[in-house]
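J.: So here's run.pdb, just PDB, C-alpha atoms and all ligand atoms:
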```
ATOM      1  CA  MET F1428      47.384 102.731  79.386
ATOM      2  CA  THR F1429      50.163 103.157  76.908
ATOM      3  CA  GLY F1430      51.852  99.835  77.470
ATOM      4  CA  SER F1431      55.133 101.416  76.493
ATOM      5  CA  ALA F1432      56.446 101.933  80.023
ATOM      6  CA  LYS F1433      59.665 100.074  80.349
ATOM      7  CA  PRO F1434      60.630  98.782  83.769
ATOM      8  CA  ASN F1435      62.830 101.460  85.235
ATOM      9  CA  HIS F1436      64.763 100.871  88.410
ATOM     10  CA  ARG F1437      64.871 104.625  89.032
ATOM     11  CA  ARG F1438      61.101 104.845  89.446
ATOM     12  CA  PRO F1439      59.912 104.492  93.039
ATOM     13  CA  PRO F1440      57.461 101.691  93.770
ATOM     14  CA  ARG F1441      53.805 102.366  94.555
ATOM     15  CA  PRO F1442      53.497 103.051  98.260
ATOM     16  CA  LYS F1443      51.508 100.863 100.637
ATOM     17  CA  GLY F1444      48.453 103.097 100.754
ATOM     18  CA  TRP F1445      48.119 103.579  96.983
ATOM     19  CA  GLY F1446      44.482 103.300  95.942
ATOM     20  CA  SER F1447      43.155 104.075  99.422
ATOM     21  CA  PRO F1448      39.786 105.871  99.548
ATOM     22  CA  PRO F1449      39.559 109.454 100.854
ATOM     23  CA  GLY F1450      40.237 109.533 104.571
ATOM     24  CA  TRP F1451      43.158 107.147 104.225
ATOM     25  CA  CYS F1452      46.666 108.171 103.322
ATOM     26  CA  ARG F1453      47.699 107.188  99.812
ATOM     27  CA  PHE F1454      51.237 106.769 101.049
ATOM     28  CA  CYS F1455      51.135 104.885 104.339
ATOM     29  CA  GLY F1456      47.534 103.658 104.250
ATOM     30  CA  GLU F1457      46.724 104.974 107.738
ATOM     31  CA  GLY F1458      43.691 107.114 108.543
ATOM     32  CA  THR F1459      43.753 110.883 108.055
ATOM     33  CA  VAL F1460      41.698 113.769 109.393
ATOM     34  CA  LYS F1461      38.912 115.375 107.336
ATOM     35  CA  ARG F1462      39.007 112.653 104.714
ATOM     36  CA  ARG F1463      42.351 113.847 103.466
ATOM     37  CA  ARG F1464      44.247 111.728 100.996
ATOM     38  CA  TRP F1465      47.703 112.308 102.421
ATOM     39  CA  HIS F1466      49.432 113.021 105.680
ATOM     40  CA  ASP F1467      51.491 116.172 105.193
ATOM     41  CA  ALA F1468      54.724 114.359 106.069
ATOM     42  CA  CYS F1469      53.859 111.434 103.786
ATOM     43  CA  ARG F1470      53.142 113.766 100.908
ATOM     44  CA  ILE F1471      56.590 115.314 101.285
ATOM     45  CA  VAL F1472      58.241 111.904 101.320
ATOM     46  CA  TRP F1473      56.329 110.987  98.166
ATOM     47  CA  ARG F1474      57.281 114.241  96.498
ATOM     48  CA  ILE F1475      60.949 113.815  97.332
ATOM     49  CA  ALA F1476      60.826 110.388  95.712
ATOM     50  CA  ASN F1477      59.065 111.549  92.557
ATOM     51  CA  ASN F1478      60.277 115.041  91.931
ATOM     52  CA  PRO F1479      64.060 115.299  91.548
ATOM     53  CA  GLN F1480      63.960 119.101  91.576
ATOM     54  CA  PHE F1481      62.073 119.117  94.865
ATOM     55  CA  ALA F1482      64.444 116.507  96.299
ATOM     56  CA  ARG F1483      67.343 118.726  95.304
ATOM     57  CA  THR F1484      65.821 121.717  97.069
ATOM     58  CA  ILE F1485      65.344 119.735 100.280
ATOM     59  CA  VAL F1486      68.819 118.200 100.111
ATOM     60  CA  PHE F1487      70.325 121.630  99.565
ATOM     61  CA  ALA F1488      68.434 122.980 102.577
ATOM     62  CA  ARG F1489      70.056 120.212 104.610
ATOM     63  CA  ASP F1490      73.595 120.073 103.160
ATOM     64  CA  ARG F1491      74.118 123.481 101.565
ATOM     65  CA  GLY F1492      75.931 121.835  98.693
ATOM     66  CA  VAL F1493      78.650 120.380 100.918
ATOM     67  CA  CYS F1494      79.956 117.132  99.447
ATOM     68  CA  ALA F1495      79.591 114.190 101.831
ATOM     69  CA  ARG F1496      83.033 112.853 100.813
ATOM     70  CA  CYS F1497      85.351 115.848 100.679
ATOM     71  CA  GLY F1498      83.369 118.289 102.830
ATOM     72  CA  ILE F1499      83.763 121.048 100.285
ATOM     73  CA  ALA F1500      80.812 123.213  99.319
ATOM     74  CA  ALA F1501      80.875 122.521  95.615
ATOM     75  CA  GLU F1502      79.492 124.835  93.002
ATOM     76  CA  LYS F1503      78.308 121.839  91.031
ATOM     77  CA  TRP F1504      76.900 118.977  93.017
ATOM     78  CA  HIS F1505      74.596 116.050  92.533
ATOM     79  CA  VAL F1506      72.029 114.350  94.678
ATOM     80  CA  ASP F1507      73.273 110.811  95.061
ATOM     81  CA  HIS F1508      71.327 107.806  96.265
ATOM     82  CA  GLU F1509      73.751 106.430  98.805
ATOM     83  CA  GLY F1510      72.196 102.993  98.575
ATOM     84  CA  PRO F1511      72.035 102.753  94.767
ATOM     85  CA  LEU F1512      68.558 102.503  93.265
ATOM     86  CA  VAL F1513      69.594  99.499  91.272
ATOM     87  CA  ASP F1514      69.700  97.655  94.619
ATOM     88  CA  ALA F1515      66.285  98.819  95.777
ATOM     89  CA  TYR F1516      64.064  96.080  94.341
ATOM     90  CA  GLY F1517      60.915  97.894  95.417
ATOM     91  CA  ASP F1518      62.160  99.089  98.813
ATOM     92  CA  PHE F1519      60.708 102.578  98.947
ATOM     93  CA  SER F1520      63.190 103.734 101.574
ATOM     94  CA  TYR F1521      65.834 104.015  98.834
ATOM     95  CA  TRP F1522      63.978 107.104  97.596
ATOM     96  CA  GLU F1523      63.700 108.704 101.016
ATOM     97  CA  LEU F1524      65.675 111.624 102.307
ATOM     98  CA  ASP F1525      67.983 109.637 104.544
ATOM     99  CA  ASN F1526      69.311 107.845 101.463
ATOM    100  CA  LEU F1527      70.041 111.087  99.617
ATOM    101  CA  VAL F1528      73.471 112.641  99.940
ATOM    102  CA  THR F1529      75.226 115.593  98.351
ATOM    103  CA  LEU F1530      78.252 114.720  96.252
ATOM    104  CA  CYS F1531      80.489 117.015  94.244
ATOM    105  CA  VAL F1532      80.720 116.116  90.571
ATOM    106  CA  ASP F1533      84.071 114.344  90.974
ATOM    107  CA  HIS F1534      83.003 112.203  93.891
ATOM    108  CA  HIS F1535      79.742 111.388  92.207
ATOM    109  CA  LYS F1536      81.576 110.301  89.088
ATOM    110  CA  ALA F1537      83.916 108.135  91.137
ATOM    111  CA  LYS F1538      81.034 106.467  92.940
ATOM    112  CA  THR F1539      79.108 105.837  89.743
ATOM    113  CA  GLY F1540      82.229 104.292  88.244
ATOM    114  CA  ARG F1541      82.638 101.924  91.199
ATOM    115  CA  GLU F1542      78.987 100.935  90.966
ATOM    116  CA  LYS F1543      79.228 100.218  87.264
ATOM    117  CA  LYS F1544      82.186  97.959  87.872
ATOM    118  CA  ARG F1545      80.413  96.124  90.652
ATOM    119  CA  LEU F1546      77.277  95.625  88.533
ATOM    120  CA  ALA F1547      79.294  94.318  85.626
ATOM    121  CA  LYS F1548      80.988  91.864  87.958
ATOM    122  CA  GLU F1549      77.681  90.714  89.409
ATOM    123  CA  LYS F1550      76.299  90.231  85.929
ATOM    124  CA  ARG F1551      79.273  88.099  84.944
ATOM    125  CA  GLN F1552      78.815  86.012  88.061
ATOM    126  CA  ARG F1553      75.143  85.501  87.352
ATOM    127  CA  TYR F1554      75.936  84.186  83.900
ATOM    128  CA  LYS F1555      78.592  81.948  85.358
ATOM    129  CA  PHE F1556      76.236  80.438  87.927
ATOM    130  CA  ALA F1557      73.096  80.428  85.815
ATOM    131  CA  GLY F1558      73.897  76.949  84.571
ATOM    132  CA  LEU F1559      74.092  75.656  88.131
ATOM    133  CA  GLY F1560      70.576  76.849  88.854
ATOM    134  CA  GLY F1561      71.660  79.424  91.373
ATOM    135  CA  LEU F1562      72.176  83.157  91.558
ATOM    136  CA  SER F1563      69.813  83.838  88.703
ATOM    137  CA  LYS F1564      68.336  86.736  90.646
ATOM    138  CA  PRO F1565      70.232  88.973  93.012
ATOM    139  CA  THR F1566      68.934  89.170  96.554
ATOM    140  CA  PRO F1567      67.762  92.602  97.664
ATOM    141  CA  THR F1568      70.022  94.251 100.194
ATOM    142  CA  PRO F1569      68.012  95.564 103.113
ATOM    143  CA  ARG F1570      68.992  99.122 103.754
ATOM    144  CA  PRO F1571      69.596 100.252 107.323
ATOM    145  CA  ARG F1572      66.956 102.796 108.279
ATOM    146  CA  GLN F1573      67.411 106.093 109.994
ATOM    147  CA  GLN F1574      64.681 108.431 111.149
ATOM    148  CA  ARG F1575      61.997 108.507 108.606
ATOM    149  CA  PHE F1576      60.239 111.807 108.385
ATOM    150  CA  GLN F1577      62.963 114.054 109.652
ATOM    151  CA  LEU F1578      63.234 117.144 107.529
ATOM    152  CA  PRO F1579      66.254 119.413 107.554
ATOM    153  CA  PHE F1580      64.334 122.501 108.592
TER
HETATM  154 ZN    ZN D   1      50.578 108.729 105.675
HETATM  155 ZN    ZN D   2      83.590 115.722  96.891
END
```
Can you dump the structure from the file as structure tokens?
Ligand SMILES: [Zn+2]
Ligand SMILES: [Zn+2]

T.:
Amino acid sequence: MTGSAKPNHRRPPRPKGWGSPPGWCRFCGEGTVKRRRWHDACRIVWRIANNPQFARTIVFARDRGVCARCGIAAEKWHVDHEGPLVDAYGDFSYWELDNLVTLCVDHHKAKTGREKKRLAKEKRQRYKFAGLGGLSKPTPTPRPRQQRFQLPF
């Protein structure tokens, strides 16, 4: 325990099965064979969420660097969280593959800029309404789900 960990909205939340004994998946909490601690698919989902380099490899296998906005295979591209992590509020699905898209540097910059503007606006509104006892905390936006464990290969 260091006690220095600052809350970081980019860090995925602990999954449901965290702390399960052997034989139960640490991700989903369901039973496994041979007292294993993970289902193979669950382990991959967890790794994608926690290892940006691994996520990048998987996303590249799926998209081949083709930007989701302009359709051009960019030399420089970023993995973008389509539903921004700042909206996740502990919803693990924000870190899953179906929320990861390829964006070229320009389109990623543009999206980040839009998000910054939106967040600044929301912050202003919260201050404005704080005195009225409302809107002190934003409500999490539920993210529409697609297939969960589908891998691109
Ligand atoms: Zn599992
Ligand atoms: Zn683009």

J.: Here's a test: counting all atoms listed in the file, identify every protein, DNA and RNA residue with an atom at most 8 Å from (52.8, 106.5, 103.7) in the file's coordinate frame, and state them as a VMD selection string.

T.: chain F and resid 1442 to 1444 1452 to 1457 1465 to 1466 1469 to 1470 1473

J.: Please provide as a ChimeraX atom specification all residues within 10 Å of Arg1437 (chain F), with the sequence filter that same-chain residues fewer than 4 positions apart are discarded (counting only C-alpha atoms).

T.: /F:1476-1477,1511-1513,1515,1521-1522

J.: Neighbouring residues of ligand ZN 2 (chain D) are defined here as those with any atom at most 12 Å from a ligand atom, counting only C-alpha atoms and all ligand atoms; list them as a PyMOL selection string.

T.: chain F and resi 1492-1507+1528-1538

J.: Record the distance separating CA of Pro1440 (chain F) and CA of Lys1543 (chain F), expressed in Å with one decimal.

T.: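 Computing the Euclidean distance for CA of Pro1440 (chain F) and CA of Lys1543 (chain F) yields 22.8 Å.
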
J.: Compare F:Arg1463, F:Lys1544, F:Arg1491, F:His1508 by their minimum atom-to-atom distance to ligand ZN 1 (chain D), counting all atoms listed in the file, and give me the closest one.

T.: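 Counting all atoms listed in the file, the residue closest to ligand ZN 1 (chain D) is F:Arg1463.
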
J.: Return as AutoDock Vina command-line options the centre and edge lengths, in Å with one decimal, of the box along x, y and z that encloses every atom of region 1526-1537 of chain F in the file, padded by 4 Å per side.

T.:
```
--center_x 76.7 --center_y 112.4 --center_z 95.3 --size_x 22.8 --size_y 17.2 --size_z 20.4
```

J.: Could you list, as a PyMOL selection string, every residue within 12 Å of Arg1474 (chain F), counting all atoms listed in the file and ignoring same-chain residues fewer than 5 positions away?

T.: chain F and resi 1439+1442+1454+1465+1467-1469+1479-1485+1522-1524

J.: What does the distance from CA of Arg1464 (chain F) to CA of Arg1489 (chain F) come to in Å, to one decimal?

T.: 27.4 Å

J.: Of the candidates F:Arg1438, F:Gly1458, F:Pro1449, F:Glu1542, which shows the shortest atom-to-atom distance to ligand ZN 1 (chain D), using all atoms listed in the file?

T.: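 Answer, going by the shortest atom-to-atom distance: F:Gly1458.
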
J.: Considering all atoms listed in the file, state which residue in the set F:Gly1540, F:Ser1520, F:Leu1527, F:Trp1445 is at the smallest distance from Arg1570 (chain F).

T.: F:Ser1520

J.: Go through F:Arg1441, F:Arg1462, F:Asp1525, F:Asp1514 one by one, measure the shortest atom-to-atom distance of each to Arg1545 (chain F) using all atoms listed in the file, and give the residue with the smallest value.

T.: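 Among the listed residues, F:Asp1514 lies closest to Arg1545 (chain F).
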
J.: What does the structure give for the distance between CA of Lys1548 (chain F) and CA of Asp1518 (chain F), in Å to one decimal?

T.: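 These two atoms are separated by 22.9 Å.
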
J.: Which one is closest to ligand ZN 1 (chain D): F:Lys1461, F:Phe1487, F:Val1472, F:Asn1526? Count only C-alpha atoms and all ligand atoms.

T.: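 Selected residue with least distance to ligand ZN 1 (chain D): F:Val1472.
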
J.: Using only C-alpha atoms and all ligand atoms for the distances, tell me which of F:Trp1451, F:His1436, F:Phe1519, F:Lys1555 is nearest to ligand ZN 1 (chain D).

T.: F:Trp1451

J.: Provide region 1431-1459 of chain F rebuilt to N, CA and C atoms, formatted as a compact mmCIF listing (two decimals), in the frame of the given file.

T.:
```txt
# COMPACT_ATOMS: atom_id res chain seq x y z
N SER F 1431 53.77 101.23 76.97
CA SER F 1431 55.13 101.42 76.49
C SER F 1431 56.12 101.61 77.65
N ALA F 1432 55.57 101.67 78.88
CA ALA F 1432 56.45 101.93 80.02
C ALA F 1432 57.40 100.76 80.24
N LYS F 1433 58.66 101.09 80.11
CA LYS F 1433 59.66 100.07 80.35
C LYS F 1433 59.95 99.99 81.84
N PRO F 1434 60.26 98.82 82.36
CA PRO F 1434 60.63 98.78 83.77
C PRO F 1434 61.86 99.66 84.01
N ASN F 1435 61.78 100.48 85.00
CA ASN F 1435 62.83 101.46 85.24
C ASN F 1435 63.18 101.41 86.72
N HIS F 1436 64.41 101.04 87.00
CA HIS F 1436 64.76 100.87 88.41
C HIS F 1436 64.86 102.20 89.14
N ARG F 1437 64.81 103.31 88.39
CA ARG F 1437 64.87 104.62 89.03
C ARG F 1437 63.49 105.12 89.47
N ARG F 1438 62.45 104.42 89.09
CA ARG F 1438 61.10 104.84 89.45
C ARG F 1438 60.73 104.23 90.80
N PRO F 1439 60.26 105.07 91.73
CA PRO F 1439 59.91 104.49 93.04
C PRO F 1439 58.69 103.58 92.94
N PRO F 1440 58.61 102.60 93.81
CA PRO F 1440 57.46 101.69 93.77
C PRO F 1440 56.21 102.39 94.31
N ARG F 1441 55.06 101.88 93.99
CA ARG F 1441 53.80 102.37 94.56
C ARG F 1441 53.85 102.17 96.07
N PRO F 1442 53.47 103.21 96.80
CA PRO F 1442 53.50 103.05 98.26
C PRO F 1442 52.35 102.16 98.75
N LYS F 1443 52.46 101.79 100.02
CA LYS F 1443 51.51 100.86 100.64
C LYS F 1443 50.06 101.31 100.51
N GLY F 1444 49.83 102.63 100.69
CA GLY F 1444 48.45 103.10 100.75
C GLY F 1444 47.86 103.45 99.41
N TRP F 1445 48.58 103.19 98.32
CA TRP F 1445 48.12 103.58 96.98
C TRP F 1445 46.75 102.98 96.71
N GLY F 1446 45.82 103.81 96.22
CA GLY F 1446 44.48 103.30 95.94
C GLY F 1446 43.55 103.38 97.14
N SER F 1447 44.03 103.93 98.26
CA SER F 1447 43.16 104.08 99.42
C SER F 1447 42.05 105.10 99.13
N PRO F 1448 40.86 104.88 99.73
CA PRO F 1448 39.79 105.87 99.55
C PRO F 1448 40.09 107.13 100.35
N PRO F 1449 39.37 108.24 100.07
CA PRO F 1449 39.56 109.45 100.85
C PRO F 1449 39.42 109.15 102.34
N GLY F 1450 40.25 109.81 103.14
CA GLY F 1450 40.24 109.53 104.57
C GLY F 1450 41.35 108.59 104.98
N TRP F 1451 42.03 108.04 103.97
CA TRP F 1451 43.16 107.15 104.22
C TRP F 1451 44.33 107.63 103.39
N CYS F 1452 45.49 107.61 103.99
CA CYS F 1452 46.67 108.17 103.32
C CYS F 1452 47.10 107.30 102.14
N ARG F 1453 47.29 107.94 101.01
CA ARG F 1453 47.70 107.19 99.81
C ARG F 1453 49.13 106.69 99.92
N PHE F 1454 49.87 107.23 100.89
CA PHE F 1454 51.24 106.77 101.05
C PHE F 1454 51.32 105.62 102.05
N CYS F 1455 50.92 105.89 103.30
CA CYS F 1455 51.14 104.88 104.34
C CYS F 1455 49.91 104.03 104.60
N GLY F 1456 48.74 104.46 104.08
CA GLY F 1456 47.53 103.66 104.25
C GLY F 1456 46.83 103.86 105.58
N GLU F 1457 47.36 104.73 106.45
CA GLU F 1457 46.72 104.97 107.74
C GLU F 1457 45.65 106.05 107.58
N GLY F 1458 44.78 106.14 108.59
CA GLY F 1458 43.69 107.11 108.54
C GLY F 1458 44.19 108.55 108.61
N THR F 1459 43.41 109.46 108.02
CA THR F 1459 43.75 110.88 108.06
C THR F 1459 42.57 111.66 108.63
```
